[in-house]
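Data from work_28.pdb: PDB, C-alpha atoms, pLDDT in the B column
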```pdb
ATOM      1  CA  MET A   1       7.967 -35.570  24.343  1.00 74.00           C
ATOM      2  CA  ASP A   2       7.669 -31.816  23.722  1.00 89.00           C
ATOM      3  CA  THR A   3       4.933 -31.007  21.278  1.00 92.00           C
ATOM      4  CA  VAL A   4       3.750 -27.910  19.469  1.00 94.00           C
ATOM      5  CA  VAL A   5       0.397 -27.164  17.875  1.00 95.00           C
ATOM      6  CA  LEU A   6       0.961 -25.728  14.419  1.00 96.00           C
ATOM      7  CA  LYS A   7      -1.779 -24.008  12.503  1.00 95.00           C
ATOM      8  CA  ALA A   8      -2.065 -23.316   8.774  1.00 96.00           C
ATOM      9  CA  PRO A   9      -3.710 -20.130   7.477  1.00 94.00           C
ATOM     10  CA  ARG A  10      -7.487 -20.324   7.172  1.00 95.00           C
ATOM     11  CA  TYR A  11      -8.709 -22.448   4.214  1.00 96.00           C
ATOM     12  CA  ARG A  12      -5.205 -23.894   3.732  1.00 97.00           C
ATOM     13  CA  ALA A  13      -3.416 -27.055   4.855  1.00 97.00           C
ATOM     14  CA  LEU A  14       0.047 -28.556   4.538  1.00 97.00           C
ATOM     15  CA  GLN A  15       0.722 -32.230   4.017  1.00 96.00           C
ATOM     16  CA  TYR A  16       4.293 -33.193   4.775  1.00 94.00           C
ATOM     17  CA  GLY A  17       5.015 -36.876   5.101  1.00 89.00           C
ATOM     18  CA  ASP A  18       2.595 -38.254   7.659  1.00 90.00           C
ATOM     19  CA  TYR A  19       1.672 -34.813   8.978  1.00 94.00           C
ATOM     20  CA  VAL A  20      -1.303 -32.799   7.832  1.00 96.00           C
ATOM     21  CA  ILE A  21      -1.248 -29.330   9.345  1.00 97.00           C
ATOM     22  CA  SER A  22      -4.760 -27.919   9.127  1.00 96.00           C
ATOM     23  CA  ASP A  23      -6.168 -24.486   9.810  1.00 94.00           C
ATOM     24  CA  ALA A  24      -7.702 -25.896  12.983  1.00 93.00           C
ATOM     25  CA  GLY A  25      -4.240 -26.774  14.298  1.00 94.00           C
ATOM     26  CA  THR A  26      -2.274 -30.017  14.457  1.00 95.00           C
ATOM     27  CA  GLU A  27      -0.061 -31.267  17.266  1.00 94.00           C
ATOM     28  CA  VAL A  28       3.466 -32.195  16.144  1.00 94.00           C
ATOM     29  CA  PRO A  29       6.718 -33.077  17.933  1.00 94.00           C
ATOM     30  CA  ALA A  30       8.719 -29.938  18.670  1.00 93.00           C
ATOM     31  CA  GLU A  31      11.772 -31.374  16.892  1.00 93.00           C
ATOM     32  CA  HIS A  32       9.896 -31.330  13.563  1.00 93.00           C
ATOM     33  CA  VAL A  33       8.664 -27.747  13.750  1.00 94.00           C
ATOM     34  CA  ASP A  34      11.532 -26.147  11.815  1.00 94.00           C
ATOM     35  CA  GLU A  35      11.275 -28.766   9.074  1.00 93.00           C
ATOM     36  CA  LEU A  36       7.527 -28.214   8.733  1.00 95.00           C
ATOM     37  CA  MET A  37       7.923 -24.442   8.716  1.00 95.00           C
ATOM     38  CA  ALA A  38      10.480 -24.749   5.915  1.00 94.00           C
ATOM     39  CA  ALA A  39       8.238 -27.087   3.927  1.00 93.00           C
ATOM     40  CA  ALA A  40       5.356 -24.638   4.270  1.00 95.00           C
ATOM     41  CA  LYS A  41       7.511 -21.738   3.121  1.00 94.00           C
ATOM     42  CA  VAL A  42       8.051 -23.459  -0.243  1.00 92.00           C
ATOM     43  CA  PHE A  43       4.335 -22.957  -0.897  1.00 92.00           C
ATOM     44  CA  GLY A  44       4.272 -19.429   0.517  1.00 91.00           C
ATOM     45  CA  LEU A  45       2.468 -20.677   3.616  1.00 92.00           C
ATOM     46  CA  LYS A  46       3.178 -19.312   7.056  1.00 92.00           C
ATOM     47  CA  LEU A  47       2.440 -21.752   9.870  1.00 95.00           C
ATOM     48  CA  THR A  48       1.839 -20.348  13.320  1.00 93.00           C
ATOM     49  CA  LYS A  49       2.629 -21.938  16.664  1.00 92.00           C
ATOM     50  CA  VAL A  50      -0.478 -21.754  18.795  1.00 87.00           C
ATOM     51  CA  LYS A  51       0.349 -23.961  21.765  1.00 71.00           C
ATOM     52  CA  VAL A  52       3.520 -25.411  23.202  1.00 68.00           C
ATOM     53  CA  GLU A  53       3.313 -28.447  25.520  1.00 63.00           C
ATOM     54  CA  VAL A  54       6.387 -29.453  27.496  1.00 60.00           C
TER      55      VAL A  54
ATOM     56  CA  MET B   1     -17.814  30.374 -16.973  1.00 58.00           C
ATOM     57  CA  PRO B   2     -17.628  26.591 -17.211  1.00 66.00           C
ATOM     58  CA  GLY B   3     -14.038  26.656 -15.925  1.00 65.00           C
ATOM     59  CA  THR B   4     -15.141  27.810 -12.504  1.00 82.00           C
ATOM     60  CA  LEU B   5     -17.876  25.211 -12.247  1.00 91.00           C
ATOM     61  CA  TYR B   6     -15.800  22.096 -12.525  1.00 91.00           C
ATOM     62  CA  ASN B   7     -12.349  20.750 -11.793  1.00 91.00           C
ATOM     63  CA  PRO B   8     -10.925  18.534 -14.532  1.00 90.00           C
ATOM     64  CA  ASN B   9      -8.295  17.290 -12.073  1.00 89.00           C
ATOM     65  CA  ASN B  10     -11.058  15.400 -10.258  1.00 92.00           C
ATOM     66  CA  VAL B  11     -11.628  13.268 -13.333  1.00 92.00           C
ATOM     67  CA  VAL B  12      -9.531  10.155 -12.839  1.00 92.00           C
ATOM     68  CA  ILE B  13      -8.928   7.142 -15.023  1.00 93.00           C
ATOM     69  CA  GLY B  14      -7.205   4.026 -13.902  1.00 94.00           C
ATOM     70  CA  LEU B  15      -6.982   0.505 -12.662  1.00 96.00           C
ATOM     71  CA  ALA B  16      -7.686  -0.969  -9.274  1.00 98.00           C
ATOM     72  CA  VAL B  17      -6.033  -3.911  -7.586  1.00 98.00           C
ATOM     73  CA  LEU B  18      -7.701  -6.306  -5.189  1.00 98.00           C
ATOM     74  CA  TRP B  19      -6.211  -7.629  -1.962  1.00 98.00           C
ATOM     75  CA  LEU B  20      -7.801 -10.536  -0.130  1.00 98.00           C
ATOM     76  CA  GLN B  21      -7.299 -12.450   3.080  1.00 97.00           C
ATOM     77  CA  PRO B  22      -9.434 -15.135   4.716  1.00 97.00           C
ATOM     78  CA  TYR B  23     -11.926 -13.674   7.161  1.00 97.00           C
ATOM     79  CA  ASP B  24     -11.134 -15.025  10.608  1.00 93.00           C
ATOM     80  CA  PRO B  25     -13.596 -14.128  13.391  1.00 92.00           C
ATOM     81  CA  LEU B  26     -10.910 -14.828  15.995  1.00 88.00           C
ATOM     82  CA  ASN B  27      -8.415 -12.540  14.313  1.00 90.00           C
ATOM     83  CA  LEU B  28     -10.345  -9.768  12.630  1.00 95.00           C
ATOM     84  CA  PRO B  29      -8.878  -8.257   9.468  1.00 96.00           C
ATOM     85  CA  LEU B  30      -7.219  -4.886   9.782  1.00 95.00           C
ATOM     86  CA  MET B  31      -6.421  -2.208   7.247  1.00 96.00           C
ATOM     87  CA  PRO B  32      -2.773  -2.202   6.182  1.00 96.00           C
ATOM     88  CA  ASP B  33      -0.544   0.472   7.625  1.00 96.00           C
ATOM     89  CA  ASP B  34      -1.317   3.945   6.291  1.00 96.00           C
ATOM     90  CA  SER B  35       2.353   4.396   5.468  1.00 96.00           C
ATOM     91  CA  ILE B  36       2.140   1.811   2.680  1.00 97.00           C
ATOM     92  CA  PRO B  37       2.034   3.852  -0.516  1.00 97.00           C
ATOM     93  CA  LEU B  38      -0.249   3.429  -3.489  1.00 97.00           C
ATOM     94  CA  TRP B  39       0.461   0.076  -5.204  1.00 97.00           C
ATOM     95  CA  GLY B  40       2.619  -0.951  -2.237  1.00 97.00           C
ATOM     96  CA  ASP B  41       2.723  -4.480  -0.868  1.00 97.00           C
ATOM     97  CA  PHE B  42       0.217  -4.963   1.964  1.00 97.00           C
ATOM     98  CA  GLY B  43       2.165  -7.989   3.197  1.00 94.00           C
ATOM     99  CA  ASP B  44       1.000 -11.183   4.855  1.00 90.00           C
ATOM    100  CA  PRO B  45      -1.825 -12.209   5.245  1.00 93.00           C
ATOM    101  CA  TRP B  46      -3.061 -10.035   2.352  1.00 96.00           C
ATOM    102  CA  GLN B  47      -2.715 -11.589  -1.093  1.00 96.00           C
ATOM    103  CA  GLY B  48      -3.083  -9.786  -4.397  1.00 97.00           C
ATOM    104  CA  ALA B  49      -5.809 -11.195  -6.634  1.00 98.00           C
ATOM    105  CA  GLY B  50      -3.678 -10.579  -9.717  1.00 97.00           C
ATOM    106  CA  ALA B  51      -4.590  -9.880 -13.312  1.00 98.00           C
ATOM    107  CA  THR B  52      -8.126  -9.612 -14.649  1.00 98.00           C
ATOM    108  CA  ASP B  53      -9.868  -9.590 -17.991  1.00 97.00           C
ATOM    109  CA  ASN B  54     -11.564  -6.191 -17.702  1.00 96.00           C
ATOM    110  CA  GLY B  55     -10.529  -4.840 -14.332  1.00 97.00           C
ATOM    111  CA  PHE B  56     -12.411  -4.865 -11.046  1.00 98.00           C
ATOM    112  CA  LYS B  57     -15.857  -3.482 -10.400  1.00 98.00           C
ATOM    113  CA  PHE B  58     -17.100  -2.143  -7.044  1.00 98.00           C
ATOM    114  CA  SER B  59     -20.889  -2.055  -7.001  1.00 98.00           C
ATOM    115  CA  VAL B  60     -23.456  -0.737  -4.560  1.00 98.00           C
ATOM    116  CA  ALA B  61     -27.021  -1.780  -5.345  1.00 97.00           C
ATOM    117  CA  SER B  62     -29.767  -0.183  -3.254  1.00 97.00           C
ATOM    118  CA  GLN B  63     -33.292  -1.549  -3.331  1.00 97.00           C
ATOM    119  CA  THR B  64     -35.884   0.950  -2.166  1.00 97.00           C
ATOM    120  CA  ASN B  65     -39.559   0.988  -1.303  1.00 97.00           C
ATOM    121  CA  ASN B  66     -41.634   3.864  -2.568  1.00 98.00           C
ATOM    122  CA  VAL B  67     -44.069   5.294  -0.030  1.00 98.00           C
ATOM    123  CA  THR B  68     -46.994   6.713  -1.953  1.00 98.00           C
ATOM    124  CA  VAL B  69     -50.298   8.429  -1.334  1.00 98.00           C
ATOM    125  CA  GLU B  70     -53.299   8.428  -3.564  1.00 98.00           C
ATOM    126  CA  GLU B  71     -53.227  12.191  -3.867  1.00 98.00           C
ATOM    127  CA  GLN B  72     -50.025  12.446  -5.905  1.00 97.00           C
ATOM    128  CA  SER B  73     -48.293  10.489  -8.614  1.00 97.00           C
ATOM    129  CA  THR B  74     -44.769  10.708  -7.222  1.00 97.00           C
ATOM    130  CA  PRO B  75     -43.597   8.987  -4.012  1.00 97.00           C
ATOM    131  CA  VAL B  76     -43.691  11.019  -0.824  1.00 98.00           C
ATOM    132  CA  ALA B  77     -40.714   9.126   0.562  1.00 98.00           C
ATOM    133  CA  GLN B  78     -38.393   6.226  -0.092  1.00 97.00           C
ATOM    134  CA  THR B  79     -37.125   3.708   2.415  1.00 98.00           C
ATOM    135  CA  LEU B  80     -34.219   1.347   2.010  1.00 97.00           C
ATOM    136  CA  SER B  81     -35.174  -2.325   1.839  1.00 97.00           C
ATOM    137  CA  SER B  82     -31.713  -3.717   1.068  1.00 96.00           C
ATOM    138  CA  ARG B  83     -28.291  -2.662  -0.101  1.00 96.00           C
ATOM    139  CA  GLY B  84     -25.799  -5.013  -1.681  1.00 96.00           C
ATOM    140  CA  VAL B  85     -22.106  -4.261  -1.959  1.00 98.00           C
ATOM    141  CA  THR B  86     -20.153  -6.421  -4.376  1.00 98.00           C
ATOM    142  CA  ILE B  87     -16.706  -6.598  -5.919  1.00 98.00           C
ATOM    143  CA  SER B  88     -16.501  -8.488  -9.178  1.00 97.00           C
ATOM    144  CA  ALA B  89     -14.025  -9.333 -11.899  1.00 97.00           C
ATOM    145  CA  SER B  90     -12.917 -12.100 -14.197  1.00 97.00           C
ATOM    146  CA  LEU B  91      -9.643 -13.248 -12.730  1.00 97.00           C
ATOM    147  CA  ALA B  92      -7.137 -14.106 -15.411  1.00 98.00           C
ATOM    148  CA  GLU B  93      -4.343 -15.861 -13.523  1.00 98.00           C
ATOM    149  CA  ASP B  94      -4.872 -19.599 -13.625  1.00 97.00           C
ATOM    150  CA  THR B  95      -3.750 -20.684 -10.160  1.00 97.00           C
ATOM    151  CA  VAL B  96      -5.301 -22.915  -7.531  1.00 97.00           C
ATOM    152  CA  GLN B  97      -5.626 -19.895  -5.230  1.00 97.00           C
ATOM    153  CA  VAL B  98      -7.615 -18.051  -7.895  1.00 97.00           C
ATOM    154  CA  MET B  99      -9.898 -21.075  -8.252  1.00 97.00           C
ATOM    155  CA  GLN B 100     -10.548 -21.097  -4.500  1.00 97.00           C
ATOM    156  CA  TRP B 101     -11.409 -17.384  -4.520  1.00 97.00           C
ATOM    157  CA  SER B 102     -13.621 -17.785  -7.557  1.00 97.00           C
ATOM    158  CA  TYR B 103     -15.472 -20.968  -6.601  1.00 96.00           C
ATOM    159  CA  GLY B 104     -15.765 -19.810  -2.986  1.00 96.00           C
ATOM    160  CA  THR B 105     -15.311 -23.273  -1.588  1.00 96.00           C
ATOM    161  CA  GLY B 106     -12.743 -25.720  -0.384  1.00 96.00           C
ATOM    162  CA  VAL B 107      -9.405 -26.064   1.297  1.00 97.00           C
ATOM    163  CA  ILE B 108      -6.097 -25.943  -0.537  1.00 97.00           C
ATOM    164  CA  THR B 109      -3.756 -28.632   0.726  1.00 97.00           C
ATOM    165  CA  SER B 110      -0.150 -28.085  -0.246  1.00 97.00           C
ATOM    166  CA  VAL B 111       1.547 -31.475  -0.453  1.00 96.00           C
ATOM    167  CA  ALA B 112       5.307 -31.402  -0.092  1.00 93.00           C
ATOM    168  CA  ALA B 113       7.477 -33.374  -2.500  1.00 90.00           C
ATOM    169  CA  SER B 114       8.873 -36.681  -1.338  1.00 82.00           C
ATOM    170  CA  PRO B 115      12.334 -37.829  -2.439  1.00 77.00           C
ATOM    171  CA  GLY B 116      11.052 -41.387  -2.576  1.00 72.00           C
ATOM    172  CA  PRO B 117      11.274 -43.985  -3.714  1.00 77.00           C
ATOM    173  CA  PRO B 118       8.910 -43.525  -5.358  1.00 81.00           C
ATOM    174  CA  VAL B 119       9.570 -39.848  -6.042  1.00 84.00           C
ATOM    175  CA  VAL B 120       6.430 -37.813  -5.488  1.00 82.00           C
ATOM    176  CA  SER B 121       6.118 -34.292  -6.914  1.00 91.00           C
ATOM    177  CA  ALA B 122       4.886 -31.398  -4.851  1.00 93.00           C
ATOM    178  CA  LYS B 123       1.298 -30.514  -5.562  1.00 95.00           C
ATOM    179  CA  GLN B 124      -1.640 -28.452  -4.447  1.00 96.00           C
ATOM    180  CA  VAL B 125      -5.053 -30.017  -4.001  1.00 97.00           C
ATOM    181  CA  LEU B 126      -8.242 -27.978  -3.844  1.00 97.00           C
ATOM    182  CA  THR B 127     -10.914 -30.066  -2.151  1.00 97.00           C
ATOM    183  CA  PHE B 128     -14.488 -28.816  -2.383  1.00 96.00           C
ATOM    184  CA  ASP B 129     -16.785 -28.754   0.627  1.00 94.00           C
ATOM    185  CA  ASP B 130     -20.232 -27.470   1.591  1.00 95.00           C
ATOM    186  CA  ASN B 131     -19.058 -24.153   2.991  1.00 92.00           C
ATOM    187  CA  ILE B 132     -19.079 -20.687   1.464  1.00 95.00           C
ATOM    188  CA  LEU B 133     -15.732 -19.059   2.082  1.00 97.00           C
ATOM    189  CA  GLU B 134     -15.463 -15.639   3.667  1.00 97.00           C
ATOM    190  CA  TRP B 135     -12.844 -13.071   2.760  1.00 98.00           C
ATOM    191  CA  ALA B 136     -11.782  -9.612   3.782  1.00 98.00           C
ATOM    192  CA  ALA B 137     -11.186  -7.414   0.752  1.00 98.00           C
ATOM    193  CA  ILE B 138      -9.479  -4.156  -0.086  1.00 98.00           C
ATOM    194  CA  LEU B 139      -9.823  -2.656  -3.510  1.00 98.00           C
ATOM    195  CA  GLU B 140      -7.051  -0.142  -4.065  1.00 98.00           C
ATOM    196  CA  THR B 141      -6.945   2.531  -6.704  1.00 98.00           C
ATOM    197  CA  GLN B 142      -5.585   6.031  -7.126  1.00 96.00           C
ATOM    198  CA  SER B 143      -7.202   9.009  -5.414  1.00 95.00           C
ATOM    199  CA  THR B 144      -7.663  12.373  -7.106  1.00 94.00           C
ATOM    200  CA  SER B 145      -4.517  13.565  -5.350  1.00 92.00           C
ATOM    201  CA  GLY B 146      -2.449  10.730  -6.801  1.00 94.00           C
ATOM    202  CA  LYS B 147      -2.291   8.769  -3.562  1.00 96.00           C
ATOM    203  CA  ALA B 148      -4.134   5.631  -2.495  1.00 97.00           C
ATOM    204  CA  ARG B 149      -7.858   5.155  -2.228  1.00 98.00           C
ATOM    205  CA  ARG B 150      -8.785   1.934  -0.433  1.00 98.00           C
ATOM    206  CA  TYR B 151     -12.244   0.371  -0.332  1.00 98.00           C
ATOM    207  CA  PHE B 152     -12.296  -1.836   2.749  1.00 98.00           C
ATOM    208  CA  VAL B 153     -14.933  -4.544   3.177  1.00 98.00           C
ATOM    209  CA  PRO B 154     -14.001  -6.800   6.093  1.00 98.00           C
ATOM    210  CA  LYS B 155     -16.320  -9.713   5.377  1.00 98.00           C
ATOM    211  CA  MET B 156     -17.424 -10.927   1.967  1.00 98.00           C
ATOM    212  CA  ASN B 157     -18.706 -14.222   0.626  1.00 96.00           C
ATOM    213  CA  SER B 158     -17.374 -15.525  -2.633  1.00 91.00           C
ATOM    214  CA  GLY B 159     -19.528 -17.620  -4.862  1.00 80.00           C
ATOM    215  CA  GLY B 160     -21.854 -17.521  -7.776  1.00 82.00           C
ATOM    216  CA  THR B 161     -21.774 -19.174 -11.149  1.00 90.00           C
ATOM    217  CA  VAL B 162     -18.270 -19.707 -12.444  1.00 91.00           C
ATOM    218  CA  ASP B 163     -17.734 -20.708 -16.051  1.00 92.00           C
ATOM    219  CA  THR B 164     -14.254 -21.219 -17.391  1.00 93.00           C
ATOM    220  CA  SER B 165     -13.702 -21.792 -21.093  1.00 94.00           C
ATOM    221  CA  PHE B 166     -10.696 -23.811 -22.175  1.00 95.00           C
ATOM    222  CA  ARG B 167      -9.846 -22.587 -25.643  1.00 95.00           C
ATOM    223  CA  ARG B 168      -7.035 -23.699 -27.919  1.00 95.00           C
ATOM    224  CA  ALA B 169      -6.015 -20.199 -28.987  1.00 95.00           C
ATOM    225  CA  SER B 170      -8.795 -17.629 -28.928  1.00 95.00           C
ATOM    226  CA  ASP B 171      -8.703 -16.571 -25.290  1.00 96.00           C
ATOM    227  CA  LYS B 172      -7.154 -17.138 -21.884  1.00 96.00           C
ATOM    228  CA  ARG B 173      -8.781 -19.125 -19.097  1.00 97.00           C
ATOM    229  CA  MET B 174     -10.715 -16.916 -16.755  1.00 97.00           C
ATOM    230  CA  TYR B 175     -12.343 -17.347 -13.364  1.00 97.00           C
ATOM    231  CA  PRO B 176     -15.238 -14.977 -12.612  1.00 97.00           C
ATOM    232  CA  LEU B 177     -15.142 -13.659  -9.062  1.00 97.00           C
ATOM    233  CA  THR B 178     -18.138 -12.216  -7.254  1.00 97.00           C
ATOM    234  CA  LEU B 179     -17.630 -11.094  -3.681  1.00 98.00           C
ATOM    235  CA  THR B 180     -20.742 -10.065  -1.759  1.00 97.00           C
ATOM    236  CA  SER B 181     -20.554  -8.071   1.441  1.00 98.00           C
ATOM    237  CA  VAL B 182     -21.974  -9.835   4.494  1.00 97.00           C
ATOM    238  CA  CYS B 183     -20.769  -7.412   7.164  1.00 97.00           C
ATOM    239  CA  ALA B 184     -22.510  -4.493   8.836  1.00 97.00           C
ATOM    240  CA  PRO B 185     -22.714  -1.402   6.613  1.00 96.00           C
ATOM    241  CA  SER B 186     -20.773   0.588   9.198  1.00 97.00           C
ATOM    242  CA  GLU B 187     -17.802  -1.761   8.770  1.00 97.00           C
ATOM    243  CA  ILE B 188     -17.409  -0.832   5.107  1.00 98.00           C
ATOM    244  CA  ALA B 189     -15.216   2.195   4.616  1.00 98.00           C
ATOM    245  CA  ILE B 190     -13.423   4.051   1.843  1.00 98.00           C
ATOM    246  CA  TYR B 191     -10.087   5.586   2.785  1.00 98.00           C
ATOM    247  CA  ASP B 192      -9.045   8.378   0.452  1.00 97.00           C
ATOM    248  CA  PHE B 193      -5.510   9.605   1.057  1.00 96.00           C
ATOM    249  CA  THR B 194      -4.776  13.227   0.190  1.00 94.00           C
TER     250      THR B 194
END
```
Before we go any further, please render this structure as structure tokens.
Amino acid sequence: MDTVVLKAPRYRALQYGDYVISDAGTEVPAEHVDELMAAAKVFGLKLTKVKVEV
Amino acid sequence: MPGTLYNPNNVVIGLAVLWLQPYDPLNLPLMPDDSIPLWGDFGDPWQGAGATDNGFKFSVASQTNNVTVEEQSTPVAQTLSSRGVTISASLAEDTVQVMQWSYGTGVITSVAASPGPPVVSAKQVLTFDDNILEWAAILETQSTSGKARRYFVPKMNSGGTVDTSFRRASDKRMYPLTLTSVCAPSEIAIYDFT
């Protein structure tokens, strides 16, 4: 399964369903990245992709 | 002739606005592009601190040691023992982000809404911890030439005593903010655009 490490801005986190994206970085399936990015945008958060594992 | 001894155009009145971003040692804060005009949007990751009760205050407090000799009453020299640079204000916008800046602690977790069942509303949760948060700050005001003057302090701690009064009608809720510089003096700079 392709995975991506998403990172929230420092001192912020996003909880979306079972995922908690922290400022230290959280590994998520690549297929959920767009959904998580969109969810973060609602709160004015910009998640960054720090590592892509294929 | 007093008119030749002073320039009334150098006397300036006016507000300042504060921009903040988390200090990240792996991604050091940078000044915004010089092309951004006075009162322009600095853009991500800078965030405006918003409205205040009585404006922002930029303070430099120098503590000195007097070097004296018995033979005279006045010091023969002064040395610097410490110098504190602070930015302070009472923030007047009642948001979770303002609370985090003011209290200087915690992580804000933004929890997305869930369609359910059961339906769960979106929320933000500020969870306290034992850390003191660090911020990069830019205080922007107008220069004597009508352009931007930016006070850049790349690393500041927020903290201090925060009292918020919840009044029925007499006043708004406010969150005192005290940012204290914890960077090298040479990293603090004032950019005055002419």
Separation of CA of Ile36 (chain B) from CA of Asp94 (chain B), in Å and rounded to one decimal: 27.8 Å
Selected residue of minimal separation from chain A among B:Ser110, B:Ser73, B:Gln124, B:Asn65, counting only C-alpha atoms: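 That would be B:Ser110, the residue with the smallest distance to chain A.
Residues from chain B found within 10 Å of chain A are Gln21, Pro22, Tyr23, Asp24, Asp44, Pro45, Gln97, Gln100, Thr105, Gly106, Val107, Ile108, Thr109, Ser110, Val111, Ala112, Ala113, Ser114, Ala122, Lys123, Gln124, Val125, Leu126, Leu133 and Glu134 of chain B, counting only C-alpha atoms.
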Write the residues of the preceding selection, restricted to C-alpha atoms, as a PDB file, keeping the file's coordinate frame.
```pdb
ATOM      1  CA  GLN B  21      -7.299 -12.450   3.080  1.00 97.00           C
ATOM      2  CA  PRO B  22      -9.434 -15.135   4.716  1.00 97.00           C
ATOM      3  CA  TYR B  23     -11.926 -13.674   7.161  1.00 97.00           C
ATOM      4  CA  ASP B  24     -11.134 -15.025  10.608  1.00 93.00           C
ATOM      5  CA  ASP B  44       1.000 -11.183   4.855  1.00 90.00           C
ATOM      6  CA  PRO B  45      -1.825 -12.209   5.245  1.00 93.00           C
ATOM      7  CA  GLN B  97      -5.626 -19.895  -5.230  1.00 97.00           C
ATOM      8  CA  GLN B 100     -10.548 -21.097  -4.500  1.00 97.00           C
ATOM      9  CA  THR B 105     -15.311 -23.273  -1.588  1.00 96.00           C
ATOM     10  CA  GLY B 106     -12.743 -25.720  -0.384  1.00 96.00           C
ATOM     11  CA  VAL B 107      -9.405 -26.064   1.297  1.00 97.00           C
ATOM     12  CA  ILE B 108      -6.097 -25.943  -0.537  1.00 97.00           C
ATOM     13  CA  THR B 109      -3.756 -28.632   0.726  1.00 97.00           C
ATOM     14  CA  SER B 110      -0.150 -28.085  -0.246  1.00 97.00           C
ATOM     15  CA  VAL B 111       1.547 -31.475  -0.453  1.00 96.00           C
ATOM     16  CA  ALA B 112       5.307 -31.402  -0.092  1.00 93.00           C
ATOM     17  CA  ALA B 113       7.477 -33.374  -2.500  1.00 90.00           C
ATOM     18  CA  SER B 114       8.873 -36.681  -1.338  1.00 82.00           C
ATOM     19  CA  ALA B 122       4.886 -31.398  -4.851  1.00 93.00           C
ATOM     20  CA  LYS B 123       1.298 -30.514  -5.562  1.00 95.00           C
ATOM     21  CA  GLN B 124      -1.640 -28.452  -4.447  1.00 96.00           C
ATOM     22  CA  VAL B 125      -5.053 -30.017  -4.001  1.00 97.00           C
ATOM     23  CA  LEU B 126      -8.242 -27.978  -3.844  1.00 97.00           C
ATOM     24  CA  LEU B 133     -15.732 -19.059   2.082  1.00 97.00           C
ATOM     25  CA  GLU B 134     -15.463 -15.639   3.667  1.00 97.00           C
TER      26      GLU B 134
END
```
Picked residues, the PyMOL selection byres ((chain A and resi 5) around 6), expected as a ChimeraX atom specification: /A:4,6,25-27,49-51
Atomic separation - CA of Thr95 (chain B) relative to CA of Asn157 (chain B), Å: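 Spanning CA of Asn157 (chain B) to CA of Thr95 (chain B) is a straight-line distance of 19.5 Å.
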Hits from the PyMOL selection byres ((chain B and resi 140-152) around 6), listed as a ChimeraX atom specification: /B:10,16-17,38,138-139,153,188-194
Taking C-alpha atoms for each residue, export the selection above as a PDB file, in the coordinates of the input.
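Contents of selection_34.pdb, as written:
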```pdb
ATOM      1  CA  ASN B  10     -11.058  15.400 -10.258  1.00 92.00           C
ATOM      2  CA  ALA B  16      -7.686  -0.969  -9.274  1.00 98.00           C
ATOM      3  CA  VAL B  17      -6.033  -3.911  -7.586  1.00 98.00           C
ATOM      4  CA  LEU B  38      -0.249   3.429  -3.489  1.00 97.00           C
ATOM      5  CA  ILE B 138      -9.479  -4.156  -0.086  1.00 98.00           C
ATOM      6  CA  LEU B 139      -9.823  -2.656  -3.510  1.00 98.00           C
ATOM      7  CA  VAL B 153     -14.933  -4.544   3.177  1.00 98.00           C
ATOM      8  CA  ILE B 188     -17.409  -0.832   5.107  1.00 98.00           C
ATOM      9  CA  ALA B 189     -15.216   2.195   4.616  1.00 98.00           C
ATOM     10  CA  ILE B 190     -13.423   4.051   1.843  1.00 98.00           C
ATOM     11  CA  TYR B 191     -10.087   5.586   2.785  1.00 98.00           C
ATOM     12  CA  ASP B 192      -9.045   8.378   0.452  1.00 97.00           C
ATOM     13  CA  PHE B 193      -5.510   9.605   1.057  1.00 96.00           C
ATOM     14  CA  THR B 194      -4.776  13.227   0.190  1.00 94.00           C
TER      15      THR B 194
END
```
Between CA of Leu47 (chain A) and CA of Val33 (chain A), distance in Å (one decimal):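 Between these atoms lies a distance of 9.5 Å.
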Who sits within 9 Å of region 52-62 of chain B, only C-alpha atoms, same chain under 3 positions skipped, as a PyMOL selection string: chain B and resi 15-18+49+80-93+139+151+172+174-175
Contact residues around Pro29 (chain A) with only C-alpha atoms at 8 Å, ignoring same-chain residues under 6 positions, as a list in words: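 What passes the distance filter is Met1, Asp2, Thr3 and Val4 of chain A.
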Near-Met156 (chain B) list (8 Å; only C-alpha atoms; drop same-chain fewer than 6 positions) as a PyMOL selection string: chain B and resi 134-137+179-183
How would the residues just chosen look if you wrote them out with C-alpha atoms as a CSV table (one decimal), in the frame of the given file?
```
chain,number,residue,atom,x,y,z
B,134,GLU,CA,-15.5,-15.6,3.7
B,135,TRP,CA,-12.8,-13.1,2.8
B,136,ALA,CA,-11.8,-9.6,3.8
B,137,ALA,CA,-11.2,-7.4,0.8
B,179,LEU,CA,-17.6,-11.1,-3.7
B,180,THR,CA,-20.7,-10.1,-1.8
B,181,SER,CA,-20.6,-8.1,1.4
B,182,VAL,CA,-22.0,-9.8,4.5
B,183,CYS,CA,-20.8,-7.4,7.2
```
Nearest to Ala77 (chain B), chosen from B:Thr64, B:Ser170, B:Thr178, B:Asn7, with all atoms listed in the file counted in the distances: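 Residue with the minimum atom-to-atom distance to Ala77 (chain B): B:Thr64.
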Could the centre and edge lengths of an axis-aligned box, enclosing all atoms of region 10-21 of chain A in the file with 5 Å extra on each side, be given in Å to one decimal as AutoDock Vina command-line options?
```
--center_x -1.8 --center_y -29.3 --center_z 6.5 --size_x 23.7 --size_y 27.9 --size_z 15.6
```
How would you write, as a PDB file with C-alpha atoms, in the frame of the given file, the residues chosen by the PyMOL selection byres ((chain B and resi 159) around 6) on this structure?
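Output contents, as saved in expr-v1.pdb:
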```
ATOM      1  CA  TYR B 103     -15.472 -20.968  -6.601  1.00 96.00           C
ATOM      2  CA  GLY B 104     -15.765 -19.810  -2.986  1.00 96.00           C
ATOM      3  CA  SER B 158     -17.374 -15.525  -2.633  1.00 91.00           C
ATOM      4  CA  GLY B 160     -21.854 -17.521  -7.776  1.00 82.00           C
TER       5      GLY B 160
END
```
Sel. within 6 Å of pt (-15.3, -9.5, 10.9), counting all atoms listed in the file, output as a list in words: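 Returned residue set, sorted by chain then number, is Pro25, Leu28, Pro154 and Lys155 of chain B.
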